[in-house]
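Contents: one structure, followed by commentary.
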Amino acid sequence: MHPFTYTRVSDTREALNAGRGGGRYIAGGTTLVDLMRETVEQPETLVDISGLPLREITVAEHGALRIGALVRMAEAAAHPKVRVLYPVISEALELSASAQLRNMATIGGNIMQRTRCTYFRDVTADCNKREPGSGCAALHGFNRSHAILGTSDHCVSTHPSDVAVAFAALEARVHLLGPDGERQVPFADFLLRPGSTPDREQALRRGELITAVEIPALPRPLKSGYLKVRDRQSYEFALTSAAVALHVRGGVIREARIAAGGVGTVPWKLPEVEQQLIGERPSESLWASAAAKAADGARALQHNRFKVELLKRTVERQLRIVGGTK
Ligand SMILES: Cc1cc2nc3c(=O)[nH]c(=O)nc-3n(C[C@H](O)[C@H](O)[C@H](O)COP(=O)(O)OP(=O)(O)OC[C@H]3O[C@@H](n4cnc5c(N)ncnc54)[C@H](O)[C@@H]3O)c2cc1C
C-alpha cells in the first residue's frame, strides 16, 4: 500500500479545509481501503469524516425525506420512516453487500463507490477510468457483467450501487457542502456518464462533501419496491435490477418512478417506461408493453447480450409485484 497520512476531523469546517488541501474523505472505509490495498487508489491524505454530525434521518413537514451522508446502510434500511414511506430504499439496501458491510458503510460512501469492473481493479490492465488514455480492456475482453446503456468507446463499466438506483428512480437530490457554500444537485446530474472522460465520475467540486440525500415528497399512496437479479442470492452485485414506485388513485396510475441497475454506466432512469404507464390502469398487458421499452438504446457487447432481455423481464416482473393487476 502507498504511504499516506491520516487525520480525523470533528467538524465540517475542518473537513472542508482538509478536503480543499487535496485530502480524500473516508467514511466507513469499506471500499476505499480495498482500492488502496490494490493500489488502484493512492491518496496522499485520508480525512476521516466518520465523526461528523451527518447521521440523521428526518422527514420534513411537506414530506421530503432526508438521509444524512453518514447514516449507515443498515440504519437507513431499518429506519421506520424509510420502511413505511420508501420500501424501495430499504429493499435496495438490504439486498446490498453483507450485514457486516451494511453496518459500517455509509449512504454517502455508497453512492460514491467505484465500479466493480475487473479491469478497473486490475492495475496491469488497460483502463481509461483508472489511467486516462490507456484504453478499455473490457470492450473486447470478458464483459458479461458490463453495461449496455450509457456506454462509450472509452468505458463500458456499470455503476454498482443498488440504493443509487432507488435514488435515481425517486429523483433524489444530493446535498453538497464545499468551500463556496452549500448546493444541491439532482441525482440524475450527480453521477456522470463516461463519455470521453470516464475518470470523472461525479459532479463534485474539489473538497466538496456530501451532507445528505433528499427524496422529494411524492403523492400518496405510493407503492414501491426493488428487485435485484444476480448470479447468487446474496453478497453479489446486480446483473439487472429495477426500482419501481407507483402512485395509483381511482384505479389509474397517476405517477410512476422507475430506474434500472446493473445495466447502465450510471443508474438508469426509464422515462419512456414511466410515460407508458401514466394515465393507464394496471394490467398484465400494460406491464409487458411498458417494460418492452426498458432496453431502448441498448448497445450490447459480446458477452452481455442476455442483459437486454433480462432487463425487460426484470422491469416487467417488478411492475407486476408493485402494481399488481386488476
Ligand atoms: C464485498 C463487497 C460487496 C458489496 N456489495 C454491494 C452490493 O451488492 N450493492 C451495493 O450497493 N454496494 C455493495 N458494496 C459496496 C458497499 O456498499 C460500499 O463499499 C459502501 O457503501 C461504501 O461506503 P463507505 O462509507 O464504506 O465508503 P468509503 O469506503 O469510506 O468511501 C467510498 C468513497 O466515497 C467517498 N466519500 C465517502 N463519504 C463521502 C462524503 N460524505 N462526501 C464525499 N465523498 C465521500 C470517499 O472519498 C471514497 O471515494 C459491496 C462492497 C464490498 C466490499
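Residue numbers start at 1 in each chain; chains themselves are named A, B, ... in the order of the C-alpha cells; ligands are numbered from 1 in the order shown.
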Exercise for the section: Apply DSSP to the structure's backbone, then extract all residues of stretch 65-247 of chain A labelled strand (DSSP E or B) and return them as an MDAnalysis selection string. Expected result: chainID A and resid 65:68 72 106 127 136 149 152 155 173:178 181:186 191 202 209:215 223:229 240:247
Find the residues around A:Val163 up to 10 Å (only C-alpha atoms counted), leave out those fewer than 5 positions away in its own chain, and share them as a PDB file with C-alpha atoms, in the first residue's frame.
```
ATOM      1  CA  MET A  73     -26.715   1.494   5.191  1.00  0.00           C
ATOM      2  CA  ALA A  77     -32.699   0.258   5.758  1.00  0.00           C
ATOM      3  CA  VAL A  88     -37.770   0.644  -2.424  1.00  0.00           C
ATOM      4  CA  ILE A  89     -34.885   2.250  -0.486  1.00  0.00           C
ATOM      5  CA  SER A  90     -34.969  -0.288   2.361  1.00  0.00           C
ATOM      6  CA  GLU A  91     -35.117  -3.211  -0.053  1.00  0.00           C
ATOM      7  CA  ALA A  92     -32.272  -1.887  -2.234  1.00  0.00           C
ATOM      8  CA  LEU A  93     -30.095  -1.512   0.861  1.00  0.00           C
ATOM      9  CA  GLU A  94     -30.990  -4.888   2.328  1.00  0.00           C
ATOM     10  CA  LEU A  95     -30.126  -6.594  -0.954  1.00  0.00           C
ATOM     11  CA  SER A  96     -26.680  -4.907  -0.965  1.00  0.00           C
ATOM     12  CA  ILE A 107     -25.037   6.325   2.299  1.00  0.00           C
ATOM     13  CA  ASN A 110     -22.315   4.039  -1.221  1.00  0.00           C
ATOM     14  CA  ILE A 111     -23.253   6.468  -3.974  1.00  0.00           C
ATOM     15  CA  ALA A 168     -32.406   7.773  -9.368  1.00  0.00           C
ATOM     16  CA  ALA A 169     -35.948   6.420  -9.687  1.00  0.00           C
ATOM     17  CA  TYR A 226     -36.673  -3.103  -5.568  1.00  0.00           C
ATOM     18  CA  ALA A 243     -36.596   0.194  -8.688  1.00  0.00           C
ATOM     19  CA  GLY A 261     -29.418  -1.063 -12.212  1.00  0.00           C
ATOM     20  CA  PRO A 267     -28.201   4.134 -12.501  1.00  0.00           C
TER      21      PRO A 267
END
```
Exercise for the section: With only C-alpha atoms and all ligand atoms counted, collect every polymer residue having an atom within 8 Å of ligand 1; state the result as an MDAnalysis selection string. Expected result: chainID A and resid 24:34 49 69:70 72:73 92:93 95:98 101:102 104:114 160:164 176 208:212 234:238
Write out as a tab-separated table a residue-level contact list of stretch 283-309 of chain A versus stretch 119-142 of chain A with cut-off 9 Å: for each qualifying residue the closest pair of atoms and the distance in Å to one decimal, counting only C-alpha atoms, rows sorted by chain and residue number upward.
```
residue	atom	partner	partner_atom	distance
A:Leu301	CA	A:Leu139	CA	7.3
A:Gln302	CA	A:His140	CA	7.6
A:His303	CA	A:Phe142	CA	6.6
```
Handout entry: Who sits within 12 Å of A:Val84, only C-alpha atoms, same chain under 5 positions skipped, as number ranges by chain
Key = A: 59, 65, 76-79, 89-91, 220-225
